[in-house]
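Reading through the C-alpha cells given below for one structure.
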Amino acid sequence: MSWLATFDNLGVNLRNLFRPMNTEPLPWDAVRPRAERYRASFALVHNEHGEEACIGCKMCEKICPSGIITVVPGGRQESPATGKKRGTCKDFILDLNACIICELCVQVCPEDAILMLRVQEPPAYQREDLVLTMEKLYENEKLDALSWGTGTKLIEMQAPAPPPPKPAPKPAPETKDGDA
Ligand code: SF4
Ligand code: SF4
C-alpha cells in the first residue's frame with residue numbers, strides 16, 4: 001500500500017513539474033513594470049529645470065500615518081535656473097518597512113517631487129536594506145517605472161464634479177394677431 005502511495009506522489013510531482021508557472025519569479029524579475037495601478041517603493045524626481053524638485057516643506061512627513069518619513073530642510077536658496085529663491089532639501093529618508101502604500105505622501109506634495117514606482121521591491125535580508133535614503137530615492141528616478149500618480153493628478157481626480165448644466169429656458173408662446 002505504501003509503495004502505491006509513493007508512486008502516486010511521484011506522479012503528482014512529475015505532473016506539477018511540467019505545468020505552466022502561476023507565480024512570478026523573484027528577485028530577478030524585480031524591475032519589470034507592473035499593472036498601471038501597481039504601487040510599491042518610491043522615487044524623488046527632478047523638476048523641469050533639472051533641479052531636485054523637493055523643497056523640504058515636510059508635508060509628506062506630517063501626513064504619513066506610519067511616521068516613516070524624515071525630511072531635513074536645506075533652507076531657501078537661489079535657483080540657478082530661475083534666479084528665484086526656493087526651498088531645498090538637505091536629507092530625506094523613507095523607511096519602507098512600515099509603509100502601508102496609502103500614497104498620501106505623494107498626494108500632498110506641492111512640487112510633485114515624490115512618486116511611487118510600479119516595480120516590486122527586491123526582497124531584503126535586513127530591515128536596513130528597506131530604508132530608502134535620499135541617494136537611493138534619486139537613483140530610483142532612473143528606473144523606467146515611475147507611476148503616473150503625481151500629487152497634482154491625484155488631487156485633480158478628487159476635485160468635485162462640475163454641476164450639471166441648467167435646462168434651457170422654454171421659448172415664450174407665440175401670440176396671434178388680435179389676441180389681447
Ligand atoms: S505611502 Fe507609505 S510613506 Fe507614503 S504616507 Fe503612506 S505610509 Fe507613509
Ligand atoms: S517630497 Fe514634496 S511634500 Fe515631501 S518635503 Fe519634498 S516637496 Fe515637501
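Simple scheme: letters A, B, ... for chains in C-alpha cells order, numbers from 1 for residues in each chain, numbers from 1 for ligands in the order shown.
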| request: Could you find all residues in chain A that DSSP calls strand (DSSP E) from the backbone, and write them as a PyMOL selection string? | output: chain A and resi 40-44+69-78+85-95+114-117+131-132
| task | Pick out the residues no farther than 12 Å from ligand 2, counting only C-alpha atoms and all ligand atoms, and list them as a PyMOL selection string. | result | chain A and resi 42-47+52-64+68-75+86-94+103-116+134+137-138+150-152
| task | Going by DSSP on the backbone, which bits of region 101-163 of chain A are helix (DSSP H, G or I)? Write them as a PyMOL selection string, please. | result | chain A and resi 104-108+127-130+134-140+151-158
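Excluding Arg39 (chain A) itself and same-chain residues fewer than 5 positions from it, the residues having an atom within 12 Å of it are Pro33, Arg34, Cys99, Ile100, Ile101, Cys102, Glu103, Val106, Leu115, Met116, Leu117, Arg118, Val119, Gln120, Glu121, Ala145, Leu146, Ser147, Trp148 and Gly149 of chain A, counting only C-alpha atoms.
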Please dump the current selection as a compact mmCIF listing (two decimals), in the first residue's frame; keep C-alpha atoms.
# COMPACT_ATOMS: atom_id res chain seq x y z
CA PRO A 33 6.93 47.42 -14.72
CA ARG A 34 3.65 46.04 -13.35
CA CYS A 99 4.85 51.73 4.64
CA ILE A 100 1.16 50.93 4.09
CA ILE A 101 1.22 52.17 0.46
CA CYS A 102 -1.51 54.74 1.16
CA GLU A 103 0.09 57.21 -1.28
CA VAL A 106 2.51 61.66 -2.97
CA LEU A 115 6.38 59.44 -6.81
CA MET A 116 5.65 55.77 -6.34
CA LEU A 117 7.15 53.07 -8.54
CA ARG A 118 5.49 50.26 -10.45
CA VAL A 119 8.19 47.77 -9.54
CA GLN A 120 8.34 45.03 -6.99
CA GLU A 121 10.85 45.92 -4.30
CA ALA A 145 8.66 52.59 -13.91
CA LEU A 146 7.55 55.88 -12.39
CA SER A 147 3.88 55.89 -11.51
CA TRP A 148 1.61 58.34 -13.33
CA GLY A 149 0.12 59.34 -9.95
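You can rank A:Pro65, A:His49, A:Ala40, A:Thr133 by their closest distance to Ser79 (chain A) using only C-alpha atoms, and at the top of that list sits A:His49.
Put simply, atom 1 (S, counted along the ligand's line) of ligand 1 is 15.2 Å away from CA of Ile155 (chain A).
Of the listed residues A:Ala124, A:Leu143, A:Ala5, A:Leu96, the one whose atoms come nearest to ligand 1 is A:Leu96, with distances taken using only C-alpha atoms and all ligand atoms.
Compared by their closest atoms to ligand 1, and using only C-alpha atoms and all ligand atoms, the residues A:Ser66, A:Gln77, A:Asn140, A:Ser2 rank with A:Ser66 nearest.
With CA of Asn22 (chain A) on one side and CA of Leu130 (chain A) on the other, the separation reads 26.9 Å.
Taking CA of Pro122 (chain A) and CA of Pro20 (chain A) as the two end points, the separation is 23.5 Å.
Among the candidate residues A:Leu132, A:Arg19, A:Glu36, A:Thr6, the one lying nearest to ligand 1 is A:Leu132, with distances computed using only C-alpha atoms and all ligand atoms.
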| field | Among listed residues A:Ala98, A:Lys85, A:Gly11, A:Arg76, nearest ligand 1 (using only C-alpha atoms and all ligand atoms) | value | A:Ala98
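With only C-alpha atoms and all ligand atoms as the atoms that count, the residue of A:Met21, A:Glu48, A:Asp8, A:Asn97 with the shortest distance to ligand 1 is A:Asn97.
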